[in-house]
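Contents: one structure, followed by commentary.
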Number of protein chains: 4
Amino acid sequence: MNPVLQTPDNESAEQPLTRGHKKRARTRQSLIEAALRIYARKGVGELALNELAAEAEVSNGTIYNYFTTREEVLSAVGVWLIEQFSRLIDSTMTGIVPAPQRVAIAMRMLIERAFTEHDWAAAIVRVMHFDEGMRSAAIEFLRADLQAGLAQGSFSYSDEQVALELFVSVTLGGLRSVVEGRAAPDRGNKMAEMTLMALGVSGAEARHFANLPLPEPMPLAEAPAARRRGRPAIKP
Amino acid sequence: MNPVLQTPDNESAEQPLTRGHKKRARTRQSLIEAALRIYARKGVGELALNELAAEAEVSNGTIYNYFTTREEVLSAVGVWLIEQFSRLIDSTMTGIVPAPQRVAIAMRMLIERAFTEHDWAAAIVRVMHFDEGMRSAAIEFLRADLQAGLAQGSFSYSDEQVALELFVSVTLGGLRSVVEGRAAPDRGNKMAEMTLMALGVSGAEARHFANLPLPEPMPLAEAPAARRRGRPAIKP
Amino acid sequence: MNPVLQTPDNESAEQPLTRGHKKRARTRQSLIEAALRIYARKGVGELALNELAAEAEVSNGTIYNYFTTREEVLSAVGVWLIEQFSRLIDSTMTGIVPAPQRVAIAMRMLIERAFTEHDWAAAIVRVMHFDEGMRSAAIEFLRADLQAGLAQGSFSYSDEQVALELFVSVTLGGLRSVVEGRAAPDRGNKMAEMTLMALGVSGAEARHFANLPLPEPMPLAEAPAARRRGRPAIKP
Amino acid sequence: MNPVLQTPDNESAEQPLTRGHKKRARTRQSLIEAALRIYARKGVGELALNELAAEAEVSNGTIYNYFTTREEVLSAVGVWLIEQFSRLIDSTMTGIVPAPQRVAIAMRMLIERAFTEHDWAAAIVRVMHFDEGMRSAAIEFLRADLQAGLAQGSFSYSDEQVALELFVSVTLGGLRSVVEGRAAPDRGNKMAEMTLMALGVSGAEARHFANLPLPEPMPLAEAPAARRRGRPAIKP
DNA sequence: AATGAATGAGGCTTCATTCAT
DNA sequence: GATGAATGAAGCCTCATTCAT
């Protein structure tokens, strides 16, 4: 399992679950999702806590039972986005071995999702601009696959950090393109192909791996909280 | 000459010179530079117009003779950054023909500059996040070189738009790395090498072009206005 | 009872009583009274919301929990003035039947009050200039009495709307005269006499009705809120 | 000639006319007319001197060569309105003797004009609310006619001041009605009829005088300045 | 005189935060 | 815990006024 998943919620480890705690977790989750909806609409810097309260349909004072600064909100949203994506990747990649394929799938899944989950992608683009934590978490996702690719002889990059950041930059740029409506439907494939080439994969192979059919994600056991409120993850 | 340079100032065409016009232009420029210094310190969203007035040493109300929204400030800064960079590139690239070399030089010059002009780079990263105009201007810079590379047989990308955006994304990501102190001194070379490979250049050639010595920029006739006030371009 | 009284407060119908509602209503009322004190001193256009806050001894931001424009303040004050006056008239007129007497009493009571409640009158003059709502409410007061006078054969005006507006105009002009110190103590009587004549009452009868003794207003059950704060209705 | 006309312009008596002086007078006049246009649109309190400069197409600093406070602007506009109206009345009333007819004509002419010169009327309503000088000038207009009516035995009011103010109040209220679109075309006649009755004229006579045909105003020698700018007096 | 850039006081408005209920 | 009225600092914006040209 992906290491990022090990800190799914920086509060959940505190105490065993009681009824009050479940309610607390639910409220917290609904605040996070409300924040995400706001981020999708207006810059991260413009999230007003009062507005967050309104969006989450709690009173403004209530926010302070959960977050004490805007940065905490931002970072909680980042953690949640990462957690969510991590779960998705894990469920999709199971059993896929070749590193180029794994790398291409990860990038393409994000881009494809941006086409359908527009607001989610808009929020990601904004959160990643401000939240260093999310950027480094995103990088850690990839490290294992890049190293595996090197070991398998598929990749030949000369600097792992540069390679990782290149992947993240390209993906983020692609998400932005999709959000802003500049991207054609095959944008994910094209980006993946070029990225593989940047990593040292030959043009032919890069094209091959970048155009394999995407695997279906395994149905998740349950993506908690979000669903219980009867509201789809990102956009109502 | 680079086409972007043809619109160096979105006000300059308005009217012939009246008496106050030189003063007006000088004030405007000092506002732009003050804004750039602020962007280097704090997010674009946090620029307070009052603070801009203070930084530029004009009074509160004067701002509104020049800009009526924060977006206008942002975009004026973007225009100026592009104009400035455009001038630099033009003076450096003269006489250099091979597209891979030109592409590598452009990317490396930006990254190198980020090491020495830290605040300038910080401002760029932030401005580009918010200012669509600046992103597309940046893209137009490259288009000619990419097309030339294709014609010369050096490049073999399959989608020009994707290639252009990849370049911009990677460069922007690199600037951020430098600003945040994560980048080693050879980051520009590594990035250029991988980017050339992404464009279809072979590994060996990519390495070659990415590591040629950078040409000295020709001394500019005069970088106007900014200098006259006796204040260094970005941060004192 | 006068129809205007049926909408004593354009917020009161919103919701049943919650905990904070009494406090909310009290604050709102104190804002209205503070506004009236300010209107008495300086033009309606010069009411600064900050000053209103100071006068009502609440903080700057509190205003915006109640009013979002100056017009809203103005109209709330207008509504309150009408409501207040309506209560007074109702309690005074009870049992008085002849329309000319009723009309004369209404006009004279307003003018007399202006002599003693200088600031109240000054506020009225200003509010009515700006608040169309108050002017039409004032007109509706009279309509029944005018129609009754026609039916009783006391009046013989040919256009009800013109007659109503004439009454309001004359009264307003009289209030202004009193406020500006131009009016003799019998101004109300003189005005009432001329107004009755304008409505078709003979000179002798007009003089008679315009000089009957004014009835004492019945003591009101309670003029709400204002009094509770221990502050005289208009100006301390 | 009407006494008000004797102070047509509180500057004109200063010095004999030279060329510079004519220019000065012209600029001053254009400022007054610009102010009137603004008053017609937005409350007197909202006239911003900068806006006045823009409306008159002079630079903001120029205003201060003519007026030093907003009150001065207001009063200059008032003086001009009175002067203008005075000229009109004089040219119309010549040769008309019966006081009731003169009073009715004055009131009706104002109301009729409000129907066609909407903005002029709107400005009047607003200027008179703020400018005591204009109110008293308006009153002085009437005094002679009222006294004449008393002497002729046509009127029988008991208090001249009250009668004068009643006339002004009713007229002003009527102008407002016209401006706000509540008045029928015969409003002037109805108002004049009721006003005459208030002054002691019998119903039949009042109706007679209130419905005589209005005399054509004699063409004025020249209504100065306004015309020269090629702009109609009130509304462009 | 006219211009218009610059000024800065003053009013407007938002919003993070507190706190009594 | 939740509520929401109140707070007040902080930023926005206007506009009367000045002054060098």
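By order in the structure tokens, chains are A, B, ...; within a chain, residues start at 1; ligands start at 1, following the order shown.
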
(message) Quick check: residues of chain C within 6 Å of chain D, only C-alpha atoms, returned as a PyMOL selection string.
(response) chain C and resi 166+169-170+173+194+197-198

(request) Identify every residue of chain E that has at least one atom within 10 Å of any atom of chain C, counting only C-alpha atoms (C1' of nucleotides), and report the result as a PyMOL selection string. (result) chain E and resi 10-15+21

Just C-alpha atoms (C1' of nucleotides) for this one: save the residues we selected as a PDB file, in the first residue's frame.
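So the final result, stored in part37.pdb, reads:
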ATOM      1  C1'  DG E  10     -12.614  59.773   5.535  1.00  0.00           C
ATOM      2  C1'  DG E  11     -16.025  56.639   4.632  1.00  0.00           C
ATOM      3  C1'  DC E  12     -17.139  51.751   3.115  1.00  0.00           C
ATOM      4  C1'  DT E  13     -16.894  46.864   3.649  1.00  0.00           C
ATOM      5  C1'  DT E  14     -15.173  42.293   4.824  1.00  0.00           C
ATOM      6  C1'  DC E  15     -14.030  38.760   7.751  1.00  0.00           C
ATOM      7  C1'  DT E  21     -26.126  31.560  25.399  1.00  0.00           C
TER       8       DT E  21
END

(request) For chain F, report every residue with an atom at most 9 Å from chain A (counting only C-alpha atoms (C1' of nucleotides)), formatted as a VMD selection string. (result) chain F and resid 1 to 4

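The space separating atom CA of Glu112 of chain D from atom CA of Leu164 of chain D comes to 20.4 Å.
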
(message) Using DSSP assignments from the backbone, pull out every residue in segment 54-111 of chain C that falls under helix (DSSP H, G or I) and give it to me as a PyMOL selection string.
(response) chain C and resi 54-56+60-65+70-93+99-111

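Distances to Tyr66 of chain A were evaluated for A:Arg135, A:Arg41, A:Arg102, A:Arg28 using only C-alpha atoms, and the minimum falls at A:Arg28.
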